[in-house]
$ cat run29.cif   # mmCIF, C-alpha atoms
data_final
#
loop_
_atom_site.label_atom_id
_atom_site.label_comp_id
_atom_site.auth_asym_id
_atom_site.auth_seq_id
_atom_site.Cartn_x
_atom_site.Cartn_y
_atom_site.Cartn_z
CA MET I 1 13.88 -7.34 3.71
CA LEU I 2 12.13 -3.98 3.49
CA ALA I 3 15.36 -2.25 2.52
CA PHE I 4 15.92 -4.88 -0.17
CA LEU I 5 12.43 -4.31 -1.64
CA LYS I 6 12.98 -0.54 -1.59
CA GLY I 7 16.24 -1.06 -3.44
CA ILE I 8 14.51 -3.19 -6.08
CA ALA I 9 11.76 -0.60 -6.50
CA LYS I 10 14.33 2.18 -6.82
CA VAL I 11 16.22 0.37 -9.58
CA THR I 12 13.24 -1.03 -11.51
CA LEU I 13 10.66 1.77 -11.13
CA TYR I 14 11.92 4.97 -9.54
CA ALA I 15 15.12 5.42 -11.54
CA PRO I 16 13.54 4.65 -14.97
CA LEU I 17 10.57 6.99 -14.35
CA PHE I 18 12.85 9.72 -13.02
CA ASN I 19 15.11 9.42 -16.05
CA LEU I 20 12.14 9.50 -18.42
CA LEU I 21 10.78 12.60 -16.71
CA ILE I 22 14.11 14.42 -16.97
CA PHE I 23 14.50 13.31 -20.58
CA PHE I 24 11.09 14.76 -21.44
CA VAL I 25 12.03 17.96 -19.57
CA TRP I 26 15.13 18.21 -21.75
CA LEU I 27 13.05 17.43 -24.85
CA VAL I 28 10.29 20.05 -24.47
CA PRO I 29 10.90 23.77 -25.05
CA GLY I 30 11.86 25.77 -21.97
CA ASP I 31 12.65 22.65 -19.92
CA ASN I 32 9.08 22.78 -18.63
CA VAL I 33 8.20 20.07 -16.12
CA GLY I 34 4.45 20.37 -16.80
CA PHE I 35 4.71 19.40 -20.47
CA ALA I 36 7.19 16.68 -19.50
CA ILE I 37 4.65 15.24 -17.03
CA ILE I 38 1.99 15.19 -19.76
CA LEU I 39 4.34 13.29 -22.10
CA LEU I 40 5.32 10.88 -19.30
CA THR I 41 1.65 10.32 -18.42
CA ILE I 42 0.76 9.57 -22.05
CA LEU I 43 3.61 7.06 -22.21
CA VAL I 44 2.48 5.36 -18.99
CA ARG I 45 -1.12 5.23 -20.30
CA LEU I 46 0.05 3.68 -23.58
CA ILE I 47 1.92 0.99 -21.64
CA LEU I 48 -1.13 0.32 -19.44
CA ALA I 49 -3.62 0.61 -22.33
CA PRO I 50 -4.02 -3.17 -22.82
CA LEU I 51 -4.76 -3.64 -19.10
CA ASN I 52 -7.19 -0.72 -19.13
CA ALA I 53 -8.93 -2.08 -22.23
CA GLY I 54 -9.28 -5.47 -20.54
CA MET I 55 -10.72 -3.83 -17.42
CA ILE I 56 -13.29 -1.86 -19.45
CA LYS I 57 -14.33 -4.92 -21.44
CA SER I 58 -14.66 -6.93 -18.23
CA GLN I 59 -16.85 -4.23 -16.69
CA LYS I 60 -19.01 -4.06 -19.81
CA ALA I 61 -19.39 -7.83 -19.86
CA LEU I 62 -20.41 -7.88 -16.20
CA GLN I 63 -22.95 -5.13 -16.86
CA ALA I 64 -24.42 -7.10 -19.76
CA LEU I 65 -24.82 -10.12 -17.47
CA GLN I 66 -26.81 -8.18 -14.87
CA PRO I 67 -30.23 -9.60 -15.92
CA GLU I 68 -28.91 -13.16 -15.61
CA ILE I 69 -27.20 -12.34 -12.32
CA ASP I 70 -30.52 -10.98 -11.04
CA ARG I 71 -32.25 -14.19 -12.11
CA ILE I 72 -29.67 -16.36 -10.34
CA LYS I 73 -30.14 -14.36 -7.15
CA ILE I 74 -33.89 -14.99 -7.33
CA ASP I 75 -33.61 -18.70 -8.22
CA PHE I 76 -31.08 -19.44 -5.49
CA LYS I 77 -32.04 -16.83 -2.91
CA ASP I 78 -32.27 -19.48 -0.16
CA ASP I 79 -29.05 -21.32 -1.06
CA GLN I 80 -25.93 -19.16 -1.04
CA GLN I 81 -23.62 -22.01 -2.05
CA ALA I 82 -25.74 -22.89 -5.06
CA GLN I 83 -25.93 -19.21 -5.95
CA SER I 84 -22.13 -18.92 -5.85
CA ARG I 85 -21.74 -22.03 -8.02
CA ALA I 86 -24.24 -20.71 -10.55
CA MET I 87 -22.43 -17.37 -10.64
CA LEU I 88 -19.11 -19.12 -11.18
CA GLU I 89 -20.57 -21.23 -13.99
CA LEU I 90 -21.94 -18.09 -15.61
CA TYR I 91 -18.57 -16.33 -15.44
CA GLN I 92 -16.76 -19.39 -16.78
CA ALA I 93 -19.23 -19.83 -19.64
CA ARG I 94 -18.70 -16.22 -20.70
CA LYS I 95 -14.95 -16.37 -19.95
CA ILE I 96 -15.19 -13.39 -17.60
CA ASN I 97 -12.91 -12.69 -14.66
CA PRO I 98 -15.02 -10.71 -12.14
CA PHE I 99 -11.81 -9.51 -10.49
CA GLY I 100 -10.19 -8.37 -13.74
CA SER I 101 -10.65 -4.70 -12.90
CA CYS I 102 -8.48 -5.15 -9.79
CA ILE I 103 -5.40 -5.97 -11.87
CA LEU I 104 -5.11 -2.46 -13.31
CA LEU I 105 -5.56 -0.96 -9.85
CA LEU I 106 -2.82 -3.17 -8.40
CA VAL I 107 -0.49 -2.09 -11.21
CA GLN I 108 -1.38 1.60 -11.00
CA LEU I 109 -0.90 2.00 -7.25
CA PRO I 110 2.87 1.31 -7.24
CA VAL I 111 3.31 3.51 -10.34
CA LEU I 112 1.35 6.31 -8.68
CA TRP I 113 3.43 6.02 -5.52
CA ILE I 114 6.71 6.05 -7.44
CA LEU I 115 5.57 9.07 -9.45
CA TYR I 116 4.68 10.79 -6.19
CA LYS I 117 8.24 10.21 -4.98
CA VAL I 118 9.64 11.39 -8.31
CA PHE I 119 7.56 14.56 -8.29
CA THR I 120 8.26 15.42 -4.65
CA VAL I 121 11.93 14.47 -4.49
CA GLY I 122 13.22 14.91 -8.01
CA LEU I 123 11.90 18.27 -9.17
CA ASP I 124 15.26 20.00 -8.91
CA THR I 125 18.71 19.53 -10.39
CA SER I 126 20.24 18.37 -7.08
CA HIS I 127 19.02 14.83 -7.78
CA PHE I 128 20.65 14.49 -11.19
CA ALA I 129 22.99 11.91 -9.67
CA LEU I 130 20.18 9.42 -10.32
CA LEU I 131 20.39 10.03 -14.06
CA TYR I 132 21.89 7.41 -16.30
CA SER I 133 25.26 8.35 -17.78
CA PHE I 134 23.87 8.53 -21.32
CA MET I 135 20.85 10.69 -20.35
CA PRO I 136 20.93 14.36 -21.44
CA ARG I 137 20.74 16.89 -18.63
CA PRO I 138 18.68 20.08 -18.87
CA ASP I 139 20.23 23.25 -17.50
CA HIS I 140 17.28 23.85 -15.18
CA LEU I 141 13.79 22.58 -14.37
CA MET I 142 10.92 24.98 -15.01
CA THR I 143 8.26 23.99 -12.47
CA MET I 144 5.84 26.79 -13.37
CA PHE I 145 3.19 25.41 -15.73
CA LEU I 146 0.48 27.70 -17.14
CA GLY I 147 0.76 29.89 -14.08
CA ILE I 148 0.67 26.95 -11.65
CA GLU I 149 3.63 26.06 -9.42
CA LEU I 150 3.90 22.28 -9.71
CA THR I 151 5.84 21.82 -6.47
CA LYS I 152 2.87 23.15 -4.45
CA PRO I 153 -0.79 22.07 -4.19
CA SER I 154 -3.16 23.65 -6.72
CA LEU I 155 -6.90 24.10 -6.24
CA ILE I 156 -7.38 24.84 -9.94
CA LEU I 157 -5.80 21.57 -11.03
CA GLY I 158 -7.64 19.79 -8.23
CA VAL I 159 -11.00 21.02 -9.51
CA LEU I 160 -10.08 20.03 -13.07
CA ALA I 161 -9.01 16.57 -11.88
CA GLY I 162 -12.22 16.22 -9.86
CA ALA I 163 -14.33 17.24 -12.86
CA ALA I 164 -12.51 14.73 -15.06
CA GLN I 165 -13.08 12.05 -12.41
CA PHE I 166 -16.81 12.89 -12.34
CA ILE I 167 -17.12 12.70 -16.13
CA GLN I 168 -15.23 9.42 -16.29
CA SER I 169 -17.30 7.88 -13.47
CA ARG I 170 -20.56 9.14 -14.97
CA GLN I 171 -19.52 7.77 -18.34
CA LEU I 172 -19.03 4.32 -16.83
CA LEU I 173 -22.13 4.45 -14.65
CA GLY I 174 -24.30 5.75 -17.47
CA SER I 175 -23.45 2.73 -19.61
CA GLN I 176 -24.75 0.27 -17.04
CA PRO I 177 -28.04 -1.39 -17.94
CA LYS I 178 -30.87 -1.06 -15.46
CA SER I 179 -31.71 -4.03 -13.29
CA THR I 180 -34.65 -6.10 -14.48
CA LYS I 181 -36.05 -6.31 -10.95
CA LYS I 182 -38.33 -3.87 -9.28
CA LYS I 183 -37.03 -1.62 -6.57
CA GLY I 184 -36.99 -3.32 -3.21
CA GLU I 185 -36.94 -6.90 -4.53
CA ASP I 186 -33.21 -7.26 -3.92
CA THR I 187 -31.71 -5.19 -1.15
CA THR I 188 -28.19 -6.17 -2.31
CA ALA I 189 -28.82 -4.77 -5.78
CA ASP I 190 -30.40 -1.67 -4.27
CA LEU I 191 -27.38 -1.20 -2.00
CA THR I 192 -24.96 -1.65 -4.92
CA ALA I 193 -26.84 0.93 -6.97
CA MET I 194 -26.84 3.35 -4.04
CA ILE I 195 -23.09 2.94 -3.50
CA SER I 196 -22.46 3.50 -7.22
CA GLN I 197 -24.48 6.70 -7.17
CA GLN I 198 -22.70 7.97 -4.05
CA SER I 199 -19.29 7.10 -5.53
CA LEU I 200 -20.16 9.23 -8.56
CA TYR I 201 -19.92 12.31 -6.33
CA LEU I 202 -17.62 11.00 -3.58
CA PHE I 203 -14.59 10.24 -5.77
CA PRO I 204 -14.45 13.69 -7.43
CA VAL I 205 -14.71 15.40 -4.03
CA LEU I 206 -12.03 13.08 -2.66
CA THR I 207 -9.84 13.87 -5.68
CA ILE I 208 -10.12 17.61 -5.00
CA PHE I 209 -9.38 17.12 -1.30
CA LEU I 210 -6.30 14.99 -1.96
CA SER I 211 -5.04 17.44 -4.56
CA LEU I 212 -4.75 20.02 -1.79
CA GLN I 213 -2.43 17.68 0.12
CA PHE I 214 0.01 16.84 -2.69
CA PRO I 215 2.15 18.76 -5.19
CA ALA I 216 0.31 19.94 -8.29
CA ALA I 217 2.65 17.77 -10.39
CA LEU I 218 0.89 14.66 -9.10
CA THR I 219 -2.53 16.23 -9.64
CA LEU I 220 -1.58 17.05 -13.23
CA TYR I 221 -0.59 13.43 -13.75
CA TRP I 222 -3.92 12.23 -12.32
CA PHE I 223 -5.88 14.70 -14.45
CA VAL I 224 -4.21 13.60 -17.69
CA THR I 225 -4.57 9.95 -16.66
CA THR I 226 -8.30 10.32 -16.00
CA VAL I 227 -8.88 12.12 -19.30
CA ALA I 228 -6.93 9.42 -21.16
CA MET I 229 -8.96 6.66 -19.48
CA ALA I 230 -12.23 8.43 -20.36
CA VAL I 231 -11.17 8.79 -24.00
CA GLN I 232 -10.13 5.14 -24.23
CA GLN I 233 -13.37 4.08 -22.55
CA TRP I 234 -15.39 6.15 -25.03
CA LEU I 235 -13.50 4.69 -28.00
CA LEU I 236 -13.97 1.11 -26.82
CA THR I 237 -17.66 1.71 -26.10
CA ARG I 238 -18.16 3.25 -29.53
CA LYS I 239 -16.30 0.40 -31.21
CA SER I 240 -18.41 -2.28 -29.54
CA ALA I 241 -21.72 -0.38 -29.88
CA THR I 242 -22.91 -2.69 -32.66
CA GLU I 243 -21.84 -5.84 -30.88
CA ASP I 244 -24.27 -7.82 -28.73
CA PRO I 245 -22.39 -9.23 -25.72
CA THR I 246 -25.51 -11.13 -24.63
CA ALA I 247 -25.84 -13.09 -27.85
CA VAL I 248 -24.64 -16.29 -26.19
CA SER I 249 -27.39 -17.88 -24.16
CA ILE I 250 -26.53 -19.35 -20.79
CA ILE I 251 -28.51 -22.18 -19.31
CA VAL I 252 -28.73 -21.73 -15.58
CA ARG I 253 -29.70 -24.80 -13.57
CA GLN I 254 -32.87 -24.33 -11.60
CA PRO I 255 -32.86 -25.16 -7.90
CA LYS I 256 -34.27 -28.47 -6.93
CA SER I 257 -37.79 -28.36 -5.53
#
$ encode --input "run29.cif" --output "structure tokens"
Amino acid sequence: MLAFLKGIAKVTLYAPLFNLLIFFVWLVPGDNVGFAIILLTILVRLILAPLNAGMIKSQKALQALQPEIDRIKIDFKDDQQAQSRAMLELYQARKINPFGSCILLLVQLPVLWILYKVFTVGLDTSHFALLYSFMPRPDHLMTMFLGIELTKPSLILGVLAGAAQFIQSRQLLGSQPKSTKKKGEDTTADLTAMISQQSLYLFPVLTIFLSLQFPAALTLYWFVTTVAMAVQQWLLTRKSATEDPTAVSIIVRQPKS
């Protein structure tokens, strides 16, 4: 069964991405793998753009609901089942999927893994047997990109990717409205805020650490991906700046006395 799934993944994901990468290598001047990775990353981001836009909108909608979520937690603090029902009613009334952001992650993980295999296995002409018959074949693959060898880990690219991750996380965190409750009134909210603040610094550091374990080609992909996500997030935020996502009032049932 595992061999069958690997075969399906090879045909449906690995081979197409490998062929696209080699095509972009052939397309760019000097057969440079770095520029080809940037083009491939942009293409992947364009394909995933609708999912990413949906994730950002879902996050923004959840942030806008924070005052009402806080109120529900207060009103039903002694009844977890009623609290869950009220939360569900709130999400349904606003047509929000609280797990919408997980969809993009579930899609990105296989793509990231396949690209890792492509970048670690396919960065030389010995694997051209995987190319489609109609695909042009470059004479060589230039893996040196702006002085960085893409087949080896790169601290410089790792720091750039970590910085981009920090900016993108800060951009998202900075757009969150503050809770309407005072500090200490809800330990769950306080814990969530603390985790968000720690993640702001943890993820960039983790990005730098992982970049030292993998080829710079994968780090370059992650850097361009993070920048593209930050730009799209900024554009969507700017576009909806004049919109009021809390315009619809939600009537939350009060707990029975």
$ residues_around --input "run29.cif" --residues "Ala129 of chain I" --least-positions-apart "3" --cutoff "12 Å" --atoms "all atoms listed in the file" --output "PyMOL selection string"
chain I and resi 15+18-19+22+122+124-126+132-133+135+137
$ closest_residue --input "run29.cif" --among "I:Gly147, I:Leu210, I:Pro153, I:Thr226" --to "Phe166 of chain I" --atoms "all atoms listed in the file"
I:Thr226
$ closest_residue --input "run29.cif" --among "I:Leu206, I:Leu48, I:Ala217, I:Ile37" --to "Gln108 of chain I" --atoms "all atoms listed in the file"
I:Leu48
$ atom_distance --input "run29.cif" --atom1 "atom CA of Pro215 of chain I" --atom2 "atom CA of Thr41 of chain I"
15.7 Å
$ residues_around --input "run29.cif" --residues "Lys117 of chain I" --least-positions-apart "4" --cutoff "10 Å" --atoms "only C-alpha atoms" --output "PyMOL selection string"
chain I and resi 14+18+111-113+121-123+218
